[in-house]
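S.K.: I have a structure I would like to understand better, so I am pasting it below and will then ask my questions one at a time.
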Amino acid sequence: MTSSVMAWLLVFFVINFGLAFMLAMNVSRIRIRKNISNGHGNDLELKKAIRAHANALEHTVPFGLLLLVAALSGSGSATLAVLTIAFSLARFSHAYGMLTVGFQARRIGAAVTYLFEIAVLLVLCVNAASL
């Protein structure tokens with residue numbers, strides 16, 4: 001694995017797990033402010049925060065594993081760059097849409113996330129065919 005491929009993996013994990021960490025901190029901040037220790041207490045703001053954090057993890061962990069496999073199976077740095085940047089922008093868009101009234105941002109973020117989850121699977125198919 002080249003250093004540029006490794007660099008894109010590091011960029012992916014720093015950005016996306018940084019986002020997941022910020023979303024988790026947001027849940028904690030709201031819990032402290034509203035004195036809700038368990039569950040969501042039927043509070044809409046907390047429900048949104050919990051869901052935004054969970055959704056980030058639901059997509060980031062599997063995508064990160066697939067990206068790692070793509071890197072280990074021979075994908076180049078340009079492929080990893082496109083996958084990393086597009087997926088990361090999609091996740092920020094989705095989180096923004098979940099936490100604000102920006103439903104269109106949420107919708108676009110979800111669509112682009114799904115598109116690039118399919119893309120990384122196609123990259124893995126191409127890599128498998130060339131082995």
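Each chain in the structure tokens gets a letter, A, B and so on, in the order shown; residues start at 1 in every chain, and ligands are counted from 1 in the order they appear.
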Which residues of segment 73-101 of chain A come within 10 Å of segment 41-57 of chain A, and what is each one's closest atom pair and distance in Å (one decimal), counting only C-alpha atoms, sorted by chain and residue number, as a Markdown table?
M.R.:
| residue | atom | partner | partner_atom | distance |
| --- | --- | --- | --- | --- |
| A:Arg91 | CA | A:Ala56 | CA | 6.9 |
| A:Phe92 | CA | A:Ala56 | CA | 9.1 |
| A:His94 | CA | A:Ala52 | CA | 8.0 |
| A:Ala95 | CA | A:Ala52 | CA | 5.7 |
| A:Tyr96 | CA | A:Ala52 | CA | 8.7 |
| A:Gly97 | CA | A:Ala52 | CA | 9.0 |
| A:Met98 | CA | A:Ala52 | CA | 5.9 |
| A:Leu99 | CA | A:Lys48 | CA | 6.0 |
| A:Thr100 | CA | A:Lys48 | CA | 8.9 |
S.K.: Each residue of segment 37-84 of chain A with at least one atom at most 8 Å from segment 125-131 of chain A should appear once, together with its nearest atom pair and the corresponding distance in Å (one decimal); atoms considered: only C-alpha atoms; ordering: chain, then increasing residue number; output as a Markdown table.
M.R.:
| residue | atom | partner | partner_atom | distance |
| --- | --- | --- | --- | --- |
| A:Ala70 | CA | A:Asn127 | CA | 7.4 |
| A:Ser73 | CA | A:Asn127 | CA | 6.2 |
| A:Gly74 | CA | A:Asn127 | CA | 6.6 |
| A:Ser75 | CA | A:Asn127 | CA | 7.2 |
S.K.: Would you mind telling me which residue in A:Phe13, A:Phe63, A:Phe21, A:Phe87 lies nearest to Ala111 of chain A when using only C-alpha atoms?
M.R.: A:Phe87
S.K.: As an exercise, work out the distance from atom CA of Ala81 of chain A to atom CA of Leu65 of chain A in Å and give it to one decimal place.
M.R.: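 It comes out at 15.4 Å.
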S.K.: Of the candidates A:Thr60, A:Thr79, A:Thr113, A:Ser37, which one gets nearest to Ser93 of chain A if we count only C-alpha atoms?
M.R.: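 Of A:Thr60, A:Thr79, A:Thr113, A:Ser37, the one nearest Ser93 of chain A is A:Thr113, counting only C-alpha atoms.
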S.K.: I need the residues of chain A that end up classed as alpha helix (DSSP H) by DSSP on the backbone, written out as a PyMOL selection string.
M.R.: chain A and resi 3-34+44-72+77-99+103-129
S.K.: One decimal, Å: what's the distance from atom CA of Ser4 of chain A over to atom CA of Leu115 of chain A, could you say?
M.R.: 24.1 Å
S.K.: Have a look at A:Ile36, A:Leu83, A:Val14, A:Ala110 and name the one nearest to Glu58 of chain A; count only C-alpha atoms.
M.R.: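 Once distances to Glu58 of chain A are computed over only C-alpha atoms, the minimum belongs to A:Ala110.
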S.K.: One number please: atom CA of Leu10 of chain A to atom CA of Ile118 of chain A, in Å, one decimal.
M.R.: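 Going from atom CA of Leu10 of chain A over to atom CA of Ile118 of chain A, I get 21.3 Å.
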